[in-house]
Each structure stands twice: as C-alpha cells, then as structure tokens.
file coords.txt (compact mmCIF, C-alpha atoms)
# COMPACT_ATOMS: atom_id res chain seq x y z
CA MET A 1 82.67 127.74 171.44
CA ARG A 2 86.02 126.19 170.63
CA ASP A 3 86.14 124.15 173.83
CA SER A 4 82.75 122.48 173.40
CA PHE A 5 82.57 118.72 173.28
CA PRO A 6 82.23 117.49 169.68
CA HIS A 7 78.69 116.56 168.71
CA VAL A 8 80.02 113.73 166.55
CA LYS A 9 81.18 112.01 169.77
CA THR A 10 77.64 112.18 171.13
CA LEU A 11 76.38 110.49 167.97
CA GLU A 12 79.09 107.85 168.31
CA VAL A 13 78.00 107.04 171.88
CA ALA A 14 74.31 107.06 170.92
CA GLN A 15 74.95 104.52 168.18
CA ALA A 16 77.45 102.27 169.98
CA CYS A 17 76.74 102.37 173.73
CA LEU A 18 75.60 98.95 174.95
CA CYS A 19 74.40 100.41 178.23
CA LEU A 20 72.21 103.02 176.52
CA HIS A 21 70.66 100.43 174.19
CA ALA A 22 70.05 97.99 177.05
CA GLN A 23 68.44 100.74 179.17
CA ARG A 24 66.20 101.85 176.33
CA ALA A 25 65.14 98.28 175.57
CA ALA A 26 64.49 97.58 179.27
CA ARG A 27 62.30 100.68 179.56
CA VAL A 28 60.27 99.76 176.48
CA LEU A 29 59.75 96.21 177.73
CA ALA A 30 58.92 97.43 181.24
CA ARG A 31 56.27 99.84 179.92
CA HIS A 32 54.85 97.08 177.71
CA PHE A 33 54.44 94.63 180.59
CA ASP A 34 53.25 97.35 182.99
CA GLU A 35 50.41 97.92 180.54
CA VAL A 36 49.72 94.17 180.28
CA PHE A 37 49.45 93.83 184.07
CA ARG A 38 47.59 97.12 184.67
CA PRO A 39 44.15 95.39 184.93
CA LEU A 40 45.54 93.46 187.90
CA ASP A 41 47.00 96.58 189.54
CA LEU A 42 50.44 95.01 189.13
CA THR A 43 53.70 96.25 187.63
CA ASN A 44 56.18 94.16 185.71
CA GLY A 45 58.60 94.42 188.64
CA GLN A 46 55.97 93.20 191.08
CA PHE A 47 55.13 90.30 188.75
CA SER A 48 58.80 89.34 188.59
CA LEU A 49 59.07 89.45 192.37
CA LEU A 50 55.95 87.32 192.86
CA MET A 51 57.29 84.80 190.34
CA ALA A 52 60.64 84.76 192.12
CA LEU A 53 58.80 83.86 195.33
CA ASN A 54 56.94 80.96 193.74
CA ARG A 55 59.28 78.29 195.08
CA PRO A 56 59.11 75.55 197.70
CA HIS A 57 61.13 77.44 200.33
CA ALA A 58 60.80 81.12 201.18
CA PRO A 59 64.01 82.96 200.24
CA THR A 60 65.63 85.70 202.27
CA VAL A 61 65.76 89.27 201.01
CA GLY A 62 69.50 88.74 200.61
CA GLU A 63 68.90 85.76 198.32
CA LEU A 64 66.25 87.54 196.25
CA ALA A 65 68.16 90.75 195.62
CA PRO A 66 70.90 89.33 193.35
CA PHE A 67 68.40 87.15 191.48
CA LEU A 68 66.38 90.26 190.61
CA ALA A 69 69.57 92.34 190.10
CA MET A 70 68.44 94.80 192.78
CA ASP A 71 69.99 96.18 195.90
CA ARG A 72 68.31 95.22 199.16
CA THR A 73 66.87 98.71 199.74
CA THR A 74 65.15 98.77 196.34
CA LEU A 75 63.86 95.24 196.87
CA THR A 76 62.48 96.17 200.29
CA ALA A 77 60.64 99.10 198.70
CA LEU A 78 59.17 96.70 196.10
CA ILE A 79 58.09 94.26 198.82
CA LYS A 80 56.22 96.76 201.02
CA PRO A 81 53.16 97.48 198.82
CA LEU A 82 52.73 93.80 197.99
CA GLU A 83 52.89 92.97 201.69
CA ARG A 84 50.24 95.64 202.41
CA ARG A 85 48.03 94.06 199.73
CA GLY A 86 48.42 90.67 201.43
CA LEU A 87 50.15 89.12 198.41
CA LEU A 88 53.29 88.18 200.31
CA ALA A 89 54.44 87.91 203.89
CA VAL A 90 57.76 88.80 205.45
CA ILE A 91 58.61 86.39 208.25
CA ALA A 92 61.56 85.87 210.56
CA ASP A 93 63.93 83.04 209.67
CA ALA A 94 63.43 80.05 211.99
CA HIS A 95 67.18 79.69 212.64
CA ASP A 96 68.35 83.31 212.55
CA ARG A 97 65.81 85.89 213.73
CA ARG A 98 67.85 88.69 212.11
CA LYS A 99 67.10 87.31 208.64
CA ARG A 100 63.76 87.94 206.96
CA ARG A 101 62.19 85.46 204.59
CA VAL A 102 59.59 86.40 202.00
CA ARG A 103 56.82 84.04 200.98
CA LEU A 104 53.78 84.19 198.76
CA THR A 105 50.40 84.16 200.47
CA ALA A 106 47.30 82.42 199.11
CA ALA A 107 46.26 85.78 197.62
CA GLY A 108 49.69 86.06 195.95
CA HIS A 109 49.32 82.62 194.41
CA ALA A 110 45.82 83.53 193.23
CA LEU A 111 47.10 86.72 191.59
CA LEU A 112 49.90 84.81 189.85
CA LYS A 113 47.30 82.43 188.43
CA ARG A 114 45.52 85.44 186.90
CA ALA A 115 48.71 87.20 185.77
CA TYR A 116 50.43 84.23 184.15
CA PRO A 117 48.07 83.91 181.14
CA LEU A 118 48.47 87.65 180.49
CA TRP A 119 52.24 87.24 180.56
CA CYS A 120 52.04 84.19 178.25
CA ASP A 121 50.05 86.09 175.64
CA ALA A 122 52.20 89.22 175.78
CA HIS A 123 55.47 87.32 175.92
CA GLY A 124 54.43 85.02 173.08
CA ALA A 125 53.61 88.01 170.90
CA LEU A 126 57.06 89.49 171.58
CA GLU A 127 58.75 86.16 170.82
CA ARG A 128 56.97 86.00 167.46
CA ARG A 129 58.17 89.52 166.59
CA PHE A 130 61.80 88.60 167.22
CA ALA A 131 62.90 85.49 165.36
CA ASP A 132 66.19 85.60 167.24
CA ALA A 133 64.60 85.78 170.73
CA PRO A 134 66.54 82.74 172.03
CA ALA A 135 69.84 84.33 170.98
CA LEU A 136 68.81 87.63 172.58
CA ARG A 137 67.85 85.85 175.80
CA ASP A 138 71.20 84.04 175.82
CA LEU A 139 73.07 87.30 175.32
CA LEU A 140 71.12 88.97 178.14
CA ARG A 141 71.93 86.03 180.45
CA ARG A 142 75.60 86.50 179.63
CA VAL A 143 75.35 90.21 180.44
CA THR A 144 73.60 89.58 183.77
CA SER A 145 76.21 86.98 184.72
CA LEU A 146 79.06 89.49 184.46
CA PRO A 147 80.91 89.94 187.75
CA GLN A 148 79.54 92.78 189.87
CA THR A 149 81.98 95.58 190.61
call {"tool": "encode", "arguments": {"input": "coords.txt", "output": "structure tokens"}}
result
Amino acid sequence: MRDSFPHVKTLEVAQACLCLHAQRAARVLARHFDEVFRPLDLTNGQFSLLMALNRPHAPTVGELAPFLAMDRTTLTALIKPLERRGLLAVIADAHDRRKRRVRLTAAGHALLKRAYPLWCDAHGALERRFADAPALRDLLRRVTSLPQT
C-alpha cells in the first residue's frame, strides 16, 4: 500500500491537535458532571442552561445560544424536556411576539438550589486536582472568545 497515508502523521495529529484534546477533555468533564447530577435527573448541559437562565430578565433563545456556544436548534432541543418537566417556561416577548423568552419557573429555581451544592463539591474537587485551574479557565475563555466563522 504505497499510497496509504503515513501513520506517523496520525500520531502527530493525535499528539498536537488542540481540537482533539479540547473535545476529549470536554467529554470527560461532561461525563463527570452528568454523573454528579444523575440523582437529580439532570445532565451537565441542562444544569448549564438552568444556570444561564438564573438572571433578573428572561433572555431570548437568540441571546442564550451564543452564551452556551450552541446553535438555536440544539438549544431548542435542550429546552424542550426541561419545559415539559416544568423547570422553565418559554414565553412570547412583550414587545415582539415573534421572539421567545425563556425563564426559570419556581420548580427550576428549586432544582438549582439542590444542584448547586453538588456542583460545588464536584467542581471544588476538580479545582484541587489541577493547581493551574485558573490558568486553564483563562485559556478556555480565550478559546471561546475567538471569532466565529
């Protein structure tokens, strides 16, 4: 197989690729927090969404999507089961009926009160494992602030 792609190039990508390493790290962290929130029947993505909604004014789906680094379709799919559980409500914007705003319900606030201590414990344990956690967080913020293409 003279025309095969060199295996050494695969090893080079596996060792150097920032995207691959970020994806692997994200999956490990996602599984970790999914396990943490499992007793509450909550995923890490759902927790992040509920936290993003914990603000004085209900954001639109269009405002939430970039904050969570999601497209609107994926965000809508994340919203639906939480809406069915009564943890959030999707309401029409008072000034523009075409826009939808998403707000936490009382049940959503109650679930956040139960989930937050679990997050604190799990997150604190991770922080203690990584002495350079602030530097890592700063680097990740820089990556997520890159212009979208």
call {"tool": "closest_atom_pairs", "arguments": {"input": "coords.txt", "of": "stretch 19-81 of chain A", "to": "stretch 117-132 of chain A", "cutoff": "9 Å", "atoms": "only C-alpha atoms", "output": "Markdown table"}}
result
| residue | atom | partner | partner_atom | distance |
| --- | --- | --- | --- | --- |
| A:His32 | CA | A:Ala122 | CA | 8.5 |
| A:Phe33 | CA | A:Ala122 | CA | 7.6 |
| A:Val36 | CA | A:Leu118 | CA | 6.6 |
| A:Phe37 | CA | A:Leu118 | CA | 7.2 |
call {"tool": "closest_atom_pairs", "arguments": {"input": "coords.txt", "of": "stretch 54-128 of chain A", "to": "stretch 42-48 of chain A", "cutoff": "12 Å", "atoms": "all atoms listed in the file", "output": "JSON lines"}}
result
{"residue": "A:Asn54", "atom": "CA", "partner": "A:Ser48", "partner_atom": "CA", "distance": 10.0}
{"residue": "A:Leu64", "atom": "CA", "partner": "A:Ser48", "partner_atom": "CA", "distance": 10.8}
{"residue": "A:Ala65", "atom": "CA", "partner": "A:Ser48", "partner_atom": "CA", "distance": 11.8}
{"residue": "A:Phe67", "atom": "CA", "partner": "A:Ser48", "partner_atom": "CA", "distance": 10.3}
{"residue": "A:Leu68", "atom": "CA", "partner": "A:Ser48", "partner_atom": "CA", "distance": 7.9}
{"residue": "A:Ala69", "atom": "CA", "partner": "A:Gly45", "partner_atom": "CA", "distance": 11.3}
{"residue": "A:Met70", "atom": "CA", "partner": "A:Gly45", "partner_atom": "CA", "distance": 10.7}
{"residue": "A:Thr74", "atom": "CA", "partner": "A:Gly45", "partner_atom": "CA", "distance": 11.0}
{"residue": "A:Leu75", "atom": "CA", "partner": "A:Gly45", "partner_atom": "CA", "distance": 9.8}
{"residue": "A:Thr76", "atom": "CA", "partner": "A:Gln46", "partner_atom": "CA", "distance": 11.7}
{"residue": "A:Ala77", "atom": "CA", "partner": "A:Gln46", "partner_atom": "CA", "distance": 10.7}
{"residue": "A:Leu78", "atom": "CA", "partner": "A:Gln46", "partner_atom": "CA", "distance": 6.9}
{"residue": "A:Ile79", "atom": "CA", "partner": "A:Gln46", "partner_atom": "CA", "distance": 8.1}
{"residue": "A:Lys80", "atom": "CA", "partner": "A:Gln46", "partner_atom": "CA", "distance": 10.6}
{"residue": "A:Pro81", "atom": "CA", "partner": "A:Gln46", "partner_atom": "CA", "distance": 9.3}
{"residue": "A:Leu82", "atom": "CA", "partner": "A:Gln46", "partner_atom": "CA", "distance": 7.7}
{"residue": "A:Glu83", "atom": "CA", "partner": "A:Gln46", "partner_atom": "CA", "distance": 11.1}
{"residue": "A:Arg85", "atom": "CA", "partner": "A:Leu42", "partner_atom": "CA", "distance": 10.9}
{"residue": "A:Leu87", "atom": "CA", "partner": "A:Gln46", "partner_atom": "CA", "distance": 10.2}
{"residue": "A:Leu88", "atom": "CA", "partner": "A:Gln46", "partner_atom": "CA", "distance": 10.8}
{"residue": "A:Leu104", "atom": "CA", "partner": "A:Phe47", "partner_atom": "CA", "distance": 11.8}
{"residue": "A:Gly108", "atom": "CA", "partner": "A:Phe47", "partner_atom": "CA", "distance": 10.0}
{"residue": "A:His109", "atom": "CA", "partner": "A:Phe47", "partner_atom": "CA", "distance": 11.2}
{"residue": "A:Leu111", "atom": "CA", "partner": "A:Phe47", "partner_atom": "CA", "distance": 9.2}
{"residue": "A:Leu112", "atom": "CA", "partner": "A:Phe47", "partner_atom": "CA", "distance": 7.7}
{"residue": "A:Lys113", "atom": "CA", "partner": "A:Phe47", "partner_atom": "CA", "distance": 11.1}
{"residue": "A:Arg114", "atom": "CA", "partner": "A:Phe47", "partner_atom": "CA", "distance": 10.9}
{"residue": "A:Ala115", "atom": "CA", "partner": "A:Phe47", "partner_atom": "CA", "distance": 7.7}
{"residue": "A:Tyr116", "atom": "CA", "partner": "A:Phe47", "partner_atom": "CA", "distance": 8.9}
{"residue": "A:Leu118", "atom": "CA", "partner": "A:Phe47", "partner_atom": "CA", "distance": 10.9}
{"residue": "A:Trp119", "atom": "CA", "partner": "A:Phe47", "partner_atom": "CA", "distance": 9.2}
{"residue": "A:Ala122", "atom": "CA", "partner": "A:Asn44", "partner_atom": "CA", "distance": 11.8}
{"residue": "A:His123", "atom": "CA", "partner": "A:Asn44", "partner_atom": "CA", "distance": 12.0}
call {"tool": "closest_residue", "arguments": {"input": "coords.txt", "among": "A:Arg27, A:Arg72, A:Arg141, A:Arg55", "to": "A:Thr105", "atoms": "all atoms listed in the file"}}
result
A:Arg55
call {"tool": "closest_residue", "arguments": {"input": "coords.txt", "among": "A:Glu35, A:Val28, A:Ala89, A:Arg103", "to": "A:Pro59", "atoms": "only C-alpha atoms"}}
result
A:Arg103
call {"tool": "atom_distance", "arguments": {"input": "coords.txt", "atom1": "atom CA of A:Leu50", "atom2": "atom CA of A:Ile91"}}
result
15.6 Å
call {"tool": "atom_distance", "arguments": {"input": "coords.txt", "atom1": "atom CA of A:Arg84", "atom2": "atom CA of A:Ala26"}}
result
27.2 Å
